[in-house]
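Source file: start_18.csv (CSV, C-alpha atoms)
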chain,number,residue,atom,x,y,z
L,888,MET,CA,63.8,205.2,5.9
L,889,LYS,CA,66.7,203.5,7.6
L,890,LYS,CA,65.6,204.9,10.9
L,891,ILE,CA,62.0,204.0,10.5
L,892,ILE,CA,62.5,200.2,10.5
L,893,PRO,CA,64.1,199.9,13.9
L,894,ILE,CA,61.6,202.3,15.4
L,895,PHE,CA,58.8,200.3,13.9
L,896,SER,CA,60.3,197.1,15.4
L,897,VAL,CA,60.5,198.7,18.8
L,898,ILE,CA,56.9,199.6,18.6
L,899,LEU,CA,56.0,196.0,17.7
L,900,LEU,CA,58.0,194.8,20.7
L,901,LEU,CA,56.4,197.3,23.0
L,902,MET,CA,53.0,196.2,21.9
L,903,GLY,CA,53.9,192.7,23.1
L,904,CYS,CA,55.1,193.8,26.5
L,905,GLU,CA,54.8,197.3,27.6
L,906,SER,CA,57.0,197.3,30.7
L,907,ASN,CA,59.9,195.6,29.1
L,908,PHE,CA,63.0,197.4,28.1
L,909,ASN,CA,63.5,196.3,24.5
L,910,ALA,CA,65.1,199.2,22.8
L,911,ASP,CA,66.6,198.2,19.5
L,912,SER,CA,70.3,198.7,20.1
L,913,SER,CA,70.8,199.9,16.5
L,914,ILE,CA,69.1,203.1,17.4
L,915,SER,CA,71.6,205.6,18.8
L,916,GLY,CA,70.5,207.7,21.7
L,917,ARG,CA,71.4,211.3,22.5
L,918,GLY,CA,71.7,213.3,25.6
L,919,GLY,CA,71.0,217.0,26.3
L,920,SER,CA,73.6,219.7,25.8
L,921,LEU,CA,74.6,219.4,29.5
L,922,ALA,CA,75.9,215.8,29.1
L,923,ARG,CA,79.3,214.9,30.4
L,924,PHE,CA,79.2,211.4,28.9
L,925,ALA,CA,79.2,210.6,25.2
L,926,VAL,CA,79.5,207.3,23.4
L,927,VAL,CA,81.0,207.6,19.9
L,928,LYS,CA,81.2,204.2,18.1
L,929,ASN,CA,83.3,202.0,20.4
L,930,HIS,CA,84.4,204.5,23.0
L,931,LEU,CA,82.8,206.3,25.9
L,932,TYR,CA,84.2,209.8,26.5
L,933,VAL,CA,83.7,211.5,29.9
L,934,VAL,CA,84.7,215.0,31.0
L,935,ASP,CA,85.2,215.7,34.7
L,936,ASN,CA,86.9,218.8,36.0
L,937,ASN,CA,90.1,219.1,33.9
L,938,ASN,CA,90.1,215.7,32.3
L,939,LEU,CA,88.8,214.0,29.3
L,940,LYS,CA,88.6,210.3,30.0
L,941,VAL,CA,88.3,207.5,27.4
L,942,PHE,CA,86.8,204.1,28.0
L,943,ASP,CA,86.8,201.3,25.5
L,944,VAL,CA,83.2,200.0,25.1
L,945,ASN,CA,83.8,197.8,22.1
L,946,ASN,CA,82.3,195.1,24.2
L,947,PRO,CA,79.5,197.1,25.9
L,948,LEU,CA,79.4,194.7,28.8
L,949,ASP,CA,83.1,195.3,29.6
L,950,PRO,CA,84.0,199.0,29.6
L,951,THR,CA,87.7,199.5,30.2
L,952,PHE,CA,89.5,202.6,31.1
L,953,VAL,CA,91.9,203.6,28.4
L,954,ASN,CA,93.4,207.0,29.4
L,955,SER,CA,92.8,210.5,30.6
L,956,THR,CA,93.8,213.7,28.8
L,957,HIS,CA,94.4,216.9,30.6
L,958,ILE,CA,92.2,219.8,29.4
L,959,GLU,CA,93.5,223.3,30.2
L,960,ALA,CA,90.1,224.4,31.5
L,961,PHE,CA,87.3,223.2,33.7
L,962,ALA,CA,85.3,221.0,31.4
L,963,GLU,CA,81.5,220.7,31.9
L,964,THR,CA,79.9,219.4,28.7
L,965,ILE,CA,80.7,217.2,25.7
L,966,PHE,CA,79.1,217.3,22.3
L,967,PRO,CA,80.2,214.7,19.7
L,968,PHE,CA,80.5,216.2,16.3
L,969,GLY,CA,81.6,213.8,13.5
L,970,GLU,CA,85.2,212.9,14.2
L,971,ASN,CA,85.5,215.5,16.9
L,972,LEU,CA,84.4,216.4,20.4
L,973,LEU,CA,83.2,219.9,21.2
L,974,ILE,CA,83.9,220.4,24.9
L,975,GLY,CA,82.2,223.2,26.8
L,976,THR,CA,84.4,224.6,29.5
L,977,ARG,CA,84.4,227.6,31.8
L,978,THR,CA,86.8,229.4,29.6
L,979,GLY,CA,85.8,228.4,26.1
L,980,MET,CA,85.0,225.7,23.6
L,981,TYR,CA,87.7,223.1,23.2
L,982,ILE,CA,87.8,221.0,20.1
L,983,TYR,CA,89.4,217.5,20.2
L,984,ASP,CA,90.0,215.2,17.2
L,985,ILE,CA,89.0,211.6,17.8
L,986,ASN,CA,90.1,210.1,14.4
L,987,GLN,CA,92.2,207.9,16.6
L,988,PRO,CA,89.4,207.2,19.1
L,989,ALA,CA,91.6,206.2,22.0
L,990,LYS,CA,93.8,209.2,21.6
L,991,PRO,CA,91.9,212.5,21.6
L,992,THR,CA,94.1,215.2,20.3
L,993,PHE,CA,93.7,218.9,20.9
L,994,VAL,CA,92.7,220.8,17.7
L,995,SER,CA,91.8,224.3,18.8
L,996,VAL,CA,90.0,226.4,21.4
L,997,TYR,CA,87.5,229.2,21.0
L,998,ALA,CA,88.3,231.1,24.2
L,999,HIS,CA,86.0,233.5,25.9
L,1000,PHE,CA,86.0,235.5,29.1
L,1001,ALA,CA,85.4,233.2,32.0
L,1002,SER,CA,81.9,231.9,31.6
L,1003,CYS,CA,80.5,228.4,31.6
L,1004,ASP,CA,78.3,226.5,29.4
L,1005,PRO,CA,77.6,224.1,26.6
L,1006,VAL,CA,77.9,224.0,22.9
L,1007,VAL,CA,76.0,222.3,20.1
L,1008,ALA,CA,76.8,222.3,16.4
L,1009,GLU,CA,75.3,221.5,13.0
L,1010,GLY,CA,77.0,221.8,9.7
L,1011,ASP,CA,79.5,224.5,9.7
L,1012,PHE,CA,78.2,226.3,12.7
L,1013,ALA,CA,78.5,226.0,16.4
L,1014,TYR,CA,76.3,227.6,19.0
L,1015,VAL,CA,77.8,228.3,22.4
L,1016,THR,CA,76.0,229.8,25.4
L,1017,LEU,CA,77.9,231.9,27.9
L,1018,ARG,CA,76.6,232.5,31.4
L,1019,ASN,CA,78.2,234.5,34.1
L,1020,GLY,CA,77.2,232.2,37.0
L,1021,THR,CA,80.7,231.0,37.5
L,1022,PRO,CA,83.0,231.7,40.4
L,1023,CYS,CA,84.6,234.4,38.3
L,1024,MET,CA,81.5,236.5,37.8
L,1025,ARG,CA,83.1,238.3,35.0
L,1026,GLY,CA,81.4,236.6,32.1
L,1027,GLN,CA,78.6,237.7,29.9
L,1028,ASN,CA,75.2,236.1,29.2
L,1029,GLN,CA,75.0,235.5,25.6
L,1030,LEU,CA,74.7,233.2,22.6
L,1031,ASP,CA,77.8,233.0,20.4
L,1032,ILE,CA,77.5,231.8,16.8
L,1033,LEU,CA,80.7,230.4,15.4
L,1034,ASN,CA,81.8,229.4,12.0
L,1035,ILE,CA,83.6,226.1,12.6
L,1036,SER,CA,84.1,225.1,8.9
L,1037,ASN,CA,87.8,225.3,9.7
L,1038,LEU,CA,88.0,223.5,13.1
L,1039,LEU,CA,91.5,224.8,13.6
L,1040,ASN,CA,90.2,228.3,13.6
L,1041,PRO,CA,86.6,228.8,14.9
L,1042,ILE,CA,85.5,232.3,14.0
L,1043,LEU,CA,82.9,234.3,16.0
L,1044,LEU,CA,80.2,235.6,13.7
L,1045,LYS,CA,77.7,237.0,16.1
L,1046,SER,CA,76.7,237.3,19.7
L,1047,ILE,CA,73.1,237.6,20.9
L,1048,PRO,CA,72.6,238.9,24.5
L,1049,LEU,CA,70.7,236.5,26.8
L,1050,VAL,CA,69.7,236.6,30.4
L,1051,ASN,CA,70.6,233.3,32.1
L,1052,PRO,CA,71.4,230.7,29.5
L,1053,HIS,CA,71.8,227.0,30.5
L,1054,GLY,CA,71.4,224.5,27.7
L,1055,LEU,CA,70.6,224.5,24.0
L,1056,GLY,CA,69.6,222.3,21.2
L,1057,VAL,CA,69.3,222.4,17.4
L,1058,ASN,CA,66.9,220.6,15.1
L,1059,GLY,CA,66.9,221.7,11.4
L,1060,ASN,CA,66.1,225.4,11.3
L,1061,VAL,CA,65.0,225.7,14.9
L,1062,LEU,CA,67.4,226.5,17.8
L,1063,PHE,CA,66.2,226.2,21.4
L,1064,VAL,CA,68.0,228.0,24.3
L,1065,THR,CA,67.0,227.5,27.9
L,1066,GLU,CA,67.3,230.5,30.2
L,1067,GLY,CA,67.0,228.8,33.6
L,1068,ASP,CA,64.3,230.3,35.7
L,1069,GLU,CA,63.8,233.0,33.0
L,1070,GLY,CA,62.3,230.7,30.5
L,1071,LEU,CA,62.8,229.1,27.0
L,1072,ARG,CA,63.8,230.8,23.8
L,1073,VAL,CA,63.1,229.5,20.3
L,1074,PHE,CA,65.1,230.9,17.4
L,1075,ASP,CA,64.7,230.5,13.6
L,1076,ARG,CA,68.1,229.7,12.1
L,1077,THR,CA,67.1,229.5,8.5
L,1078,ASP,CA,70.1,231.7,8.2
L,1079,PRO,CA,72.4,229.7,10.5
L,1080,THR,CA,74.7,232.7,11.0
L,1081,ASP,CA,71.9,235.0,12.2
L,1082,PRO,CA,69.3,233.3,14.4
L,1083,LYS,CA,66.0,235.3,14.8
L,1084,LEU,CA,64.0,235.1,18.0
L,1085,LEU,CA,60.6,233.5,17.3
L,1086,LYS,CA,59.4,233.0,20.9
L,1087,PHE,CA,60.3,233.6,24.4
L,1088,MET,CA,58.3,231.5,26.8
L,1089,SER,CA,58.9,233.0,30.3
L,1090,ASN,CA,56.5,230.9,32.4
L,1091,ILE,CA,58.8,227.9,32.5
L,1092,ALA,CA,62.1,227.2,34.4
L,1093,ALA,CA,64.2,225.5,31.7
L,1094,PHE,CA,67.6,223.9,32.1
L,1095,ASP,CA,68.2,221.6,29.2
L,1096,VAL,CA,66.5,220.6,26.0
L,1097,ILE,CA,66.4,217.8,23.4
L,1098,PRO,CA,64.6,218.7,20.2
L,1099,SER,CA,63.3,216.1,17.8
L,1100,ASP,CA,61.6,216.8,14.5
L,1101,LYS,CA,58.3,217.9,15.8
L,1102,THR,CA,58.6,217.7,19.6
L,1103,VAL,CA,61.0,219.0,22.1
L,1104,ILE,CA,61.8,217.8,25.6
L,1105,VAL,CA,62.6,220.5,28.2
L,1106,THR,CA,63.8,219.9,31.7
L,1107,GLY,CA,63.4,222.5,34.4
L,1108,ARG,CA,63.0,223.1,38.1
L,1109,ASP,CA,59.3,221.9,38.1
L,1110,GLY,CA,59.7,218.9,35.9
L,1111,VAL,CA,60.2,217.5,32.4
L,1112,TYR,CA,58.0,219.1,29.7
L,1113,GLN,CA,57.2,218.0,26.2
L,1114,PHE,CA,56.0,220.4,23.6
L,1115,ALA,CA,55.0,220.1,20.0
L,1116,TYR,CA,56.6,222.9,18.1
L,1117,THR,CA,56.3,224.5,14.7
L,1118,GLN,CA,58.9,226.3,12.5
L,1119,GLN,CA,57.2,229.5,13.5
L,1120,GLY,CA,58.1,228.9,17.1
L,1121,ASP,CA,54.7,228.0,18.4
L,1122,LEU,CA,54.9,225.7,21.4
L,1123,ASP,CA,52.0,223.4,22.4
L,1124,GLN,CA,52.5,221.6,25.7
L,1125,LEU,CA,51.9,217.8,25.3
L,1126,SER,CA,52.8,216.6,28.8
L,1127,LYS,CA,54.7,217.3,32.0
L,1128,ILE,CA,56.4,214.9,34.3
L,1129,ALA,CA,56.1,216.9,37.5
L,1130,VAL,CA,58.8,217.2,40.1
L,1131,VAL,CA,57.2,216.3,43.4
L,1132,LYS,CA,58.7,218.3,46.2
Z,905,MET,CA,92.9,248.3,61.2
Z,906,ARG,CA,89.8,248.8,59.0
Z,907,THR,CA,91.9,249.5,56.0
Z,908,ILE,CA,93.8,246.2,56.5
Z,909,ALA,CA,90.5,244.3,56.8
Z,910,ILE,CA,89.1,245.8,53.6
Z,911,PHE,CA,92.4,245.3,51.8
Z,912,SER,CA,92.6,241.6,52.9
Z,913,PHE,CA,88.9,241.2,51.9
Z,914,VAL,CA,89.7,242.6,48.4
Z,915,VAL,CA,92.8,240.4,48.2
Z,916,SER,CA,90.8,237.3,49.2
Z,917,LEU,CA,88.2,238.2,46.5
Z,918,VAL,CA,90.9,238.4,43.9
Z,919,PHE,CA,92.3,235.1,44.9
Z,920,GLN,CA,89.0,233.4,45.3
Z,921,SER,CA,87.6,234.6,42.0
Z,922,CYS,CA,88.8,231.9,39.7
Z,923,SER,CA,89.6,228.9,41.9
Z,924,SER,CA,87.2,226.1,42.4
Z,925,LYS,CA,88.3,225.5,45.9
Z,926,THR,CA,90.2,227.6,48.4
Z,927,ASP,CA,90.9,227.0,52.0
Z,928,SER,CA,90.1,230.2,53.8
Z,929,PRO,CA,89.3,229.8,57.5
Z,930,PHE,CA,86.3,231.7,58.5
Z,931,SER,CA,85.6,232.6,62.1
Z,932,GLY,CA,82.1,232.7,63.5
Z,933,GLU,CA,78.7,231.5,62.5
Z,934,VAL,CA,77.7,231.6,58.8
Z,935,MET,CA,75.3,229.9,56.5
Z,936,GLY,CA,77.1,227.3,54.4
Z,937,TYR,CA,77.0,223.8,53.0
Z,938,LYS,CA,77.6,220.7,55.1
Z,939,PRO,CA,78.3,217.4,53.4
Z,940,ILE,CA,75.9,214.5,53.8
Z,941,TYR,CA,77.8,211.3,53.7
Z,942,ILE,CA,76.9,207.7,52.8
Z,943,THR,CA,79.2,204.8,53.4
Z,944,TYR,CA,81.2,203.4,50.5
Z,945,ASP,CA,79.2,200.1,50.8
Z,946,ARG,CA,75.9,201.8,50.5
Z,947,LEU,CA,77.1,203.9,47.6
Z,948,LYS,CA,77.5,200.7,45.6
Z,949,GLU,CA,73.9,199.6,46.1
Z,950,VAL,CA,72.6,199.7,42.5
Z,951,SER,CA,69.2,198.2,41.9
Z,952,ARG,CA,66.2,198.4,39.7
Z,953,GLN,CA,63.1,199.6,41.5
Z,954,PRO,CA,59.5,200.3,40.6
Z,955,PRO,CA,58.8,203.7,39.0
Z,956,LYS,CA,58.7,206.5,41.6
Z,957,GLU,CA,58.1,210.2,41.8
Z,958,LEU,CA,60.6,212.5,40.3
Z,959,ARG,CA,62.0,214.7,43.1
Z,960,GLN,CA,64.5,216.6,41.0
Z,961,SER,CA,65.1,216.6,37.3
Z,962,GLY,CA,68.7,216.4,36.1
Z,963,LYS,CA,70.2,215.4,32.8
Z,964,ILE,CA,68.1,213.8,30.1
Z,965,TYR,CA,68.8,211.2,27.5
Z,966,VAL,CA,66.6,209.9,24.7
Z,967,ARG,CA,66.8,206.7,22.8
Z,968,GLY,CA,64.0,205.5,20.5
Z,969,VAL,CA,60.8,205.7,22.5
Z,970,TYR,CA,62.6,205.8,25.8
Z,971,LEU,CA,63.4,208.8,27.9
Z,972,PHE,CA,65.9,208.7,30.7
Z,973,ILE,CA,65.8,211.3,33.4
Z,974,SER,CA,68.6,211.6,35.9
Z,975,GLU,CA,67.6,212.5,39.4
Z,976,PRO,CA,70.9,213.9,40.6
Z,977,ASN,CA,72.7,211.7,43.1
Z,978,GLN,CA,69.8,209.2,43.3
Z,979,GLY,CA,69.5,207.4,40.0
Z,980,ILE,CA,67.8,207.3,36.7
Z,981,HIS,CA,64.1,207.2,35.8
Z,982,ILE,CA,63.2,205.2,32.7
Z,983,ILE,CA,60.1,206.5,30.9
Z,984,ASN,CA,58.3,204.9,28.0
Z,985,ASN,CA,57.7,207.9,25.8
Z,986,ILE,CA,56.0,206.3,22.8
Z,987,ASP,CA,53.2,208.7,23.3
Z,988,SER,CA,54.7,212.1,24.3
Z,989,LYS,CA,51.3,213.2,25.5
Z,990,SER,CA,51.3,210.5,28.1
Z,991,PRO,CA,54.8,209.4,29.1
Z,992,LYS,CA,54.8,206.3,31.3
Z,993,PRO,CA,57.4,205.7,34.0
Z,994,ILE,CA,58.6,202.1,33.7
Z,995,ALA,CA,61.3,201.8,36.3
Z,996,PHE,CA,63.8,203.6,38.5
Z,997,ILE,CA,67.4,202.5,38.5
Z,998,LYS,CA,68.9,203.4,41.8
Z,999,ILE,CA,72.5,204.6,41.4
Z,1000,PRO,CA,73.7,206.6,44.4
Z,1001,GLY,CA,76.0,209.5,43.4
Z,1002,SER,CA,74.8,209.4,39.7
Z,1003,GLN,CA,74.6,212.4,37.5
Z,1004,ASP,CA,75.0,211.2,33.9
Z,1005,VAL,CA,73.6,208.6,31.6
Z,1006,GLU,CA,74.7,207.1,28.3
Z,1007,LEU,CA,73.7,203.9,26.6
Z,1008,LYS,CA,75.3,201.4,24.2
Z,1009,GLY,CA,72.9,198.6,23.3
Z,1010,ASP,CA,71.1,197.5,26.4
Z,1011,ILE,CA,74.0,198.6,28.6
Z,1012,LEU,CA,73.6,201.8,30.6
Z,1013,TYR,CA,76.7,203.7,31.7
Z,1014,SER,CA,76.6,206.0,34.7
Z,1015,ASP,CA,78.8,207.5,37.3
Z,1016,ASN,CA,78.3,205.8,40.7
Z,1017,GLY,CA,80.3,208.0,42.9
Z,1018,LEU,CA,83.9,207.3,42.2
Z,1019,ASP,CA,83.2,204.5,39.8
Z,1020,LEU,CA,81.9,204.0,36.3
Z,1021,VAL,CA,79.2,201.3,36.2
Z,1022,ALA,CA,77.8,199.4,33.3
Z,1023,ILE,CA,74.3,198.2,34.0
Z,1024,ASP,CA,72.4,195.7,31.9
Z,1025,ILE,CA,68.8,197.0,31.8
Z,1026,SER,CA,67.4,194.5,29.3
Z,1027,ASN,CA,65.8,192.5,32.1
Z,1028,PRO,CA,62.7,194.2,33.4
Z,1029,GLU,CA,63.0,192.5,36.8
Z,1030,SER,CA,66.6,193.6,37.6
Z,1031,ALA,CA,69.4,195.9,36.8
Z,1032,THR,CA,72.6,194.0,37.0
Z,1033,VAL,CA,75.9,195.8,37.3
Z,1034,VAL,CA,77.9,193.9,34.7
Z,1035,LYS,CA,81.1,195.9,35.2
Z,1036,ARG,CA,82.4,198.4,37.7
Z,1037,VAL,CA,85.5,200.5,36.8
Z,1038,ALA,CA,86.7,201.7,40.2
Z,1039,ASP,CA,88.1,205.0,41.1
Z,1040,VAL,CA,87.9,206.8,37.8
Z,1041,PHE,CA,85.9,209.9,39.0
Z,1042,PRO,CA,86.9,212.5,41.5
Z,1043,TYR,CA,85.7,212.7,45.1
Z,1044,PRO,CA,83.3,215.6,45.5
Z,1045,MET,CA,85.5,218.1,47.4
Z,1046,PHE,CA,83.1,221.0,47.0
Z,1047,PRO,CA,79.4,221.6,46.6
Z,1048,PRO,CA,77.9,222.4,43.2
Z,1049,PHE,CA,77.3,226.0,44.1
Z,1050,GLU,CA,79.5,229.0,43.7
Z,1051,ASN,CA,80.6,231.8,46.1
Z,1052,VAL,CA,79.7,229.7,49.1
Z,1053,LYS,CA,81.3,228.6,52.4
Z,1054,PHE,CA,81.3,224.9,53.3
Z,1055,GLU,CA,82.5,222.3,55.7
Z,1056,CYS,CA,85.5,220.7,54.1
Z,1057,PRO,CA,84.6,217.1,53.1
Z,1058,ASP,CA,86.5,214.2,54.7
Z,1059,PRO,CA,86.7,211.2,52.5
Z,1060,LYS,CA,87.3,209.0,55.6
Z,1061,LYS,CA,83.7,209.7,56.6
Z,1062,GLY,CA,82.3,208.3,53.4
Z,1063,TYR,CA,81.2,209.7,50.0
Z,1064,VAL,CA,79.4,213.1,49.8
Z,1065,ILE,CA,76.0,212.2,48.4
Z,1066,ASP,CA,74.5,215.6,49.0
Z,1067,TRP,CA,74.9,219.0,50.7
Z,1068,GLU,CA,72.6,220.7,53.2
Z,1069,LEU,CA,72.5,224.4,53.8
Z,1070,VAL,CA,73.0,225.0,57.5
Z,1071,GLN,CA,74.5,227.4,60.0
Z,1072,LEU,CA,78.2,226.5,60.1
Z,1073,LYS,CA,80.7,227.4,62.8
Z,1074,ASP,CA,84.1,228.4,61.5
Z,1075,PRO,CA,83.9,226.7,58.1
Z,1076,ARG,CA,87.4,226.2,56.6
Z,1077,CYS,CA,86.4,225.8,53.0
Z,1078,SER,CA,85.0,228.1,50.4
Z,1079,ARG,CA,84.7,228.4,46.7
Translate this structure into structure tokens?
Amino acid sequence: MKKIIPIFSVILLLMGCESNFNADSSISGRGGSLARFAVVKNHLYVVDNNNLKVFDVNNPLDPTFVNSTHIEAFAETIFPFGENLLIGTRTGMYIYDINQPAKPTFVSVYAHFASCDPVVAEGDFAYVTLRNGTPCMRGQNQLDILNISNLLNPILLKSIPLVNPHGLGVNGNVLFVTEGDEGLRVFDRTDPTDPKLLKFMSNIAAFDVIPSDKTVIVTGRDGVYQFAYTQQGDLDQLSKIAVVK
Amino acid sequence: MRTIAIFSFVVSLVFQSCSSKTDSPFSGEVMGYKPIYITYDRLKEVSRQPPKELRQSGKIYVRGVYLFISEPNQGIHIINNIDSKSPKPIAFIKIPGSQDVELKGDILYSDNGLDLVAIDISNPESATVVKRVADVFPYPMFPPFENVKFECPDPKKGYVIDWELVQLKDPRCSR
């Protein structure tokens, strides 16, 4: 209910002036799993190469650089998870505690054989995709399911082989995994420890994904797609913003 | 002689395998990446423009009914997505060297080359840089591709806004 009111007020504002940008600032936004930027409360966190940088955005108009923390891996993505950041790197998932927001502290790492790629999490479980498209070329292509109820000790529960994973996203019982030029996979995660493949759509080049309750936004080589989806994994294309070559 | 060549090739593979950038002089002509530079002044030209075609889709960000699509190195498309069957582009925020997008309130944060910029997007007619935090991001010393040869970038020539695949003579860099 809390969320409905601001959305409703945005709709009202939009009715008044369609081309205006009048997003209610009380709504928080979210990026895809490949994001390197994340605002958590009054701080902006950015990963670049081997660094986790913190900016104070208490006054949004006046971001100030606070500090930079060295990460022992090449960091590529950042996923805010409660009082923690889950950082996707080329050699594993790094967990940082941000209870003290301006002072991220290392908690643990789930290390894997040189691969890259992002992580998303919900409840006690994290989903990490591994892709071998790194300079090392030694990695595997797979989806790892981790139990992170104890952040100090992430435990691998299961690995599902994939072809060319890029991004991923969770909404409720549905997990989306993009497979680059190979397509898009939809999993049922009613049992969060054991996702079951519902659908593999191969006629789409998919890089990243942001699922909402009934629709999912998918970016790919040819454009930005939106689909309505069901819990059974059915996808119905609503629109496409085409990439013009 | 051949054994030495193969041995050194193997050694170079081993050394190359996990580094993001290695100087390894290469003699002769080879396909590789050449930096495309823009001046540091032009890099800082951030502006709000009418909606335009999407030429490449990068990262995405959703807030409320708005969808933000990064066009790598170019800027950010703002889409009114109140009807997901018919998303309507509203504006393009030109941010050279941009990859990422985040928001707090009406302030959009992005990387503008070496700098973090905070852009007020509340005014439909303009996109004002309200704050620039200079030199917080690394200069692009290598292309976003792996196992490639490339011409080593020279920060004195400007900022590397893109890379083109061309025939290179004796490229000194690889990753």
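Each of L:Gln1113, L:Ser915, L:Ser920, L:Thr951 was compared to Gly962 of chain Z using only C-alpha atoms, and L:Ser920 turns out to be the nearest.
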Exercise. Please, what distance in Å, to one decimal, runs between atom CA of Ile974 of chain L and atom CA of Asp1066 of chain Z?
Worked result: 26.3 Å
For this session: With a cut-off of 8 Å and counting only C-alpha atoms, select all residues of chain Z in contact with chain L and give the selection as a PyMOL selection string.
Result: chain Z and resi 920-924+957-970+986+988-991+994+1004-1011+1022+1024-1028+1034-1035+1037+1041-1042+1050-1051+1079
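Across the structure, atom CA of Gly975 of chain L and atom CA of Ile958 of chain L are spaced 10.9 Å apart.
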For this session: Determine, counting all atoms listed in the file, which protein, DNA and RNA residues have an atom within 10 Å of an atom of segment 1041-1047 of chain L; residues of the same chain fewer than 2 positions away are not included. Present the result as a PyMOL selection string.
Result: chain L and resi 980+982+995-998+1011-1017+1028-1039+1049+1080-1084
